[in-house]
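*Asks:* Structure in structure tokens, see below.
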Amino acid sequence: MAPVPVSLSIPDGIRRLALLLAVAALLILVIACGSSDEETSSQSTTAAALTTNAAAFPSIAVPTFATCPASTGTPPEVQMKSYPQRPALTIDKSHQYIAHVYTTRGHFIIQLLPDIAPEHVNSFVFLARDKFFNGTTFHRVLPGFVAQGGDPTGTGSGGPGYTVPLEASQEPFVRGVVGMARSNDPNSAGSQWFVTLGDAPNLNGQYTVFGKVVQGMDVVDCLMPRDPSVNQNAPPGDAIIDLAIQEIASGG
């Protein structure tokens, strides 16, 4: 038989109740602290997770691009030359003709195309070797379209005194192609030439392609924008310091 528990006196009961209440209060305090610790731990973990995510997925920085170099160098004075007739065709179409264009913005290189435009390449080489282009400016530079030069007057109306007939080809006017400017007459090209700054299919077959920029297109892109049809009195465009022709014989 199980023993019968001994009855408690009132003072003992009070002391027992006080002890129980104290133990209960202690347990509540412990539980509350534990909950607070867990909440703090949870918040810390969440913050750490956010920090980790921020490190794993950084914000994308806005790209920055190198600015164009300042114009440097002193171009020679333009020699105002005029010729009585188009030069005789003396180039050798089996040779390579490379034009080195040294400008106040830098140096770019054109591969000339005598196989598709012999008369235009011949004229361009003739004028370059006679220093006709030295000192001339890129008087018309329309971003995304063309950079045009070769006019000794810098107005868009000058030329060498003779004209070259159109040599149309299937070569498209894509970015970096070098063509010859002209008036409304297809056979009125002279000394003014241009580099396309973007694709220009509307020019295909209408203007003569006679070269392609093969190095330094970034220099061409940096030529100072200028439109004489809008402001004829704008500051002069970037100038050509020297335009030198390199001729390479076949097999050379």
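In the structure tokens, chains take the letters A, B, ... in the order shown, each chain's residues start at 1, and ligands count up from 1 in the order shown.
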Can you pull out every residue within 7 Å of Phe194 in chain A, counting only C-alpha atoms, but drop anything in the same chain fewer than 5 positions away, and send it as a ChimeraX atom specification?

*Replies:* /A:146-149,178-181

*Asks:* Point out the residue among A:Val220, A:Val121, A:Glu171, A:Ala234 with the least atom-to-atom distance to Ala189 in chain A, counting only C-alpha atoms.

*Replies:*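 Distance minimum relative to Ala189 in chain A lands on A:Val121.
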
*Asks:* What's the 8 Å shell around Gln246 in chain A, counting only C-alpha atoms, without same-chain residues fewer than 3 positions away, as a PDB file with C-alpha atoms, in the first residue's frame?

*Replies:*
ATOM      1  CA  TYR A  97      48.100  51.356-101.897  1.00  0.00           C
ATOM      2  CA  ILE A  98      47.861  52.294 -98.235  1.00  0.00           C
ATOM      3  CA  ALA A  99      46.995  55.822 -97.106  1.00  0.00           C
ATOM      4  CA  HIS A 100      48.338  56.941 -93.729  1.00  0.00           C
TER       5      HIS A 100
END

*Asks:* I need the alpha helix (DSSP H) residues of range 137-237 of chain A per DSSP on the backbone, written as a list in words.

*Replies:*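 Checking each residue of range 137-237 of chain A, the alpha helix (DSSP H) ones are Met217, Asp218, Val219, Val220 and Asp221 of chain A.
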
*Asks:* One decimal, Å: what's the distance from CA of Leu223 in chain A over to CA of Leu203 in chain A, could you say?

*Replies:*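 Straight-line distance from CA of Leu223 in chain A to CA of Leu203 in chain A works out to 21.4 Å.
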
*Asks:* Could you give me, as a VMD selection string, the residues within 12 Å of Arg140 in chain A, counting only C-alpha atoms and dropping anything in the same chain fewer than 2 positions from it?

*Replies:* chain A and resid 136 to 138 142 to 143 145 to 151 154 to 157 181 192 to 196 223 to 232 234 to 239

*Asks:* Would you output that residue set with N, CA and C atoms, as a short mmCIF file (atom, residue, chain, number, x, y, z; two decimals), in the first residue's frame?

*Replies:*
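Dumped everything to selection-v1.cif:
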data_model
loop_
_atom_site.label_atom_id
_atom_site.label_comp_id
_atom_site.auth_asym_id
_atom_site.auth_seq_id
_atom_site.Cartn_x
_atom_site.Cartn_y
_atom_site.Cartn_z
N THR A 136 44.31 70.55 -94.84
CA THR A 136 42.85 70.62 -95.03
C THR A 136 42.14 70.05 -93.81
N THR A 137 40.90 70.45 -93.63
CA THR A 137 40.14 70.04 -92.45
C THR A 137 39.01 69.08 -92.82
N PHE A 138 38.51 68.41 -91.79
CA PHE A 138 37.27 67.63 -91.95
C PHE A 138 36.14 68.62 -91.68
N LEU A 142 29.26 64.46 -89.49
CA LEU A 142 27.92 64.21 -88.97
C LEU A 142 27.93 62.86 -88.26
N PRO A 143 27.96 62.85 -86.91
CA PRO A 143 28.03 61.59 -86.16
C PRO A 143 26.99 60.58 -86.62
N PHE A 145 26.93 59.26 -89.49
CA PHE A 145 26.77 59.29 -90.95
C PHE A 145 28.15 59.34 -91.63
N VAL A 146 28.75 60.52 -91.75
CA VAL A 146 30.03 60.63 -92.45
C VAL A 146 30.95 61.66 -91.80
N ALA A 147 32.25 61.48 -92.05
CA ALA A 147 33.27 62.50 -91.76
C ALA A 147 33.89 62.84 -93.11
N GLN A 148 33.72 64.08 -93.54
CA GLN A 148 34.11 64.49 -94.90
C GLN A 148 35.20 65.55 -94.87
N GLY A 149 36.19 65.39 -95.75
CA GLY A 149 37.29 66.35 -95.86
C GLY A 149 37.76 66.45 -97.29
N GLY A 150 38.98 66.97 -97.46
CA GLY A 150 39.57 67.05 -98.79
C GLY A 150 39.31 68.34 -99.54
N ASP A 151 38.69 69.33 -98.86
CA ASP A 151 38.40 70.60 -99.51
C ASP A 151 39.40 71.65 -99.01
N GLY A 154 37.77 74.53 -97.14
CA GLY A 154 37.10 74.24 -95.88
C GLY A 154 35.64 74.61 -95.85
N THR A 155 35.08 74.89 -97.01
CA THR A 155 33.67 75.32 -97.07
C THR A 155 32.73 74.26 -97.62
N GLY A 156 33.31 73.24 -98.28
CA GLY A 156 32.50 72.23 -98.92
C GLY A 156 32.28 72.50 -100.38
N SER A 157 32.90 73.54 -100.90
CA SER A 157 32.71 73.88 -102.32
C SER A 157 34.01 73.85 -103.12
N ALA A 181 32.96 62.21 -102.46
CA ALA A 181 31.82 63.12 -102.52
C ALA A 181 31.68 63.70 -103.93
N GLN A 192 37.14 65.93 -102.63
CA GLN A 192 36.47 65.72 -101.35
C GLN A 192 36.08 64.25 -101.17
N TRP A 193 36.48 63.72 -100.03
CA TRP A 193 36.22 62.32 -99.73
C TRP A 193 35.64 62.20 -98.32
N PHE A 194 35.09 61.05 -98.03
CA PHE A 194 34.45 60.86 -96.72
C PHE A 194 34.64 59.43 -96.22
N VAL A 195 34.50 59.31 -94.90
CA VAL A 195 34.49 57.99 -94.24
C VAL A 195 33.11 57.83 -93.61
N THR A 196 32.45 56.71 -93.85
CA THR A 196 31.14 56.48 -93.25
C THR A 196 31.31 56.11 -91.78
N LEU A 223 36.71 62.73 -84.59
CA LEU A 223 36.80 63.99 -85.33
C LEU A 223 35.66 64.91 -84.89
N MET A 224 35.97 66.19 -84.75
CA MET A 224 35.01 67.14 -84.20
C MET A 224 33.78 67.29 -85.09
N PRO A 225 32.58 67.08 -84.53
CA PRO A 225 31.36 67.25 -85.31
C PRO A 225 31.24 68.68 -85.86
N ARG A 226 30.79 68.78 -87.09
CA ARG A 226 30.67 70.09 -87.74
C ARG A 226 29.76 69.97 -88.95
N ASP A 227 28.86 70.90 -89.09
CA ASP A 227 27.94 70.88 -90.23
C ASP A 227 27.89 72.28 -90.84
N PRO A 228 28.62 72.51 -91.94
CA PRO A 228 28.64 73.85 -92.54
C PRO A 228 27.30 74.30 -93.08
N SER A 229 26.40 73.36 -93.34
CA SER A 229 25.08 73.76 -93.83
C SER A 229 24.25 74.41 -92.73
N VAL A 230 24.63 74.14 -91.48
CA VAL A 230 23.93 74.73 -90.33
C VAL A 230 24.66 75.97 -89.83
N ASN A 231 25.99 75.87 -89.74
CA ASN A 231 26.79 77.00 -89.26
C ASN A 231 28.10 77.06 -90.03
N GLN A 232 28.13 77.89 -91.04
CA GLN A 232 29.32 78.04 -91.87
C GLN A 232 30.46 78.70 -91.10
N ALA A 234 31.26 78.12 -87.93
CA ALA A 234 31.73 77.32 -86.79
C ALA A 234 33.25 77.22 -86.83
N PRO A 235 33.88 76.95 -85.68
CA PRO A 235 35.34 76.80 -85.67
C PRO A 235 35.77 75.73 -86.67
N PRO A 236 36.95 75.90 -87.29
CA PRO A 236 37.41 74.91 -88.27
C PRO A 236 37.45 73.50 -87.68
N GLY A 237 37.23 72.51 -88.53
CA GLY A 237 37.27 71.12 -88.08
C GLY A 237 38.70 70.65 -87.84
N ASP A 238 38.82 69.42 -87.37
CA ASP A 238 40.15 68.83 -87.17
C ASP A 238 40.87 68.73 -88.52
N ALA A 239 42.18 68.93 -88.49
CA ALA A 239 42.95 69.05 -89.74
C ALA A 239 43.85 67.85 -90.00
#

*Asks:* Figure out the distance between CA of Thr67 in chain A and CA of His107 in chain A, please, to one decimal in Å.

*Replies:*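 These two atoms are separated by 16.5 Å.
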
*Asks:* Quick one, how far is CA of Ile245 in chain A from CA of Gln85 in chain A?

*Replies:*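 A separation of 21.4 Å between them.
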
*Asks:* Let me make sure I understand: among A:Gln79, A:Asn202, A:Thr74, A:Gln96, which one has the smallest atom-to-atom distance to Gly251 in chain A if we use only C-alpha atoms?

*Replies:*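 With only C-alpha atoms as the atom set, the closest residue is A:Gln96.
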
*Asks:* If you count only C-alpha atoms, which residues fall within 8 Å of Glu119 in chain A, apart from same-chain ones fewer than 2 positions away, as a PyMOL selection string?

*Replies:* chain A and resi 89+114+117+121-123+164+167
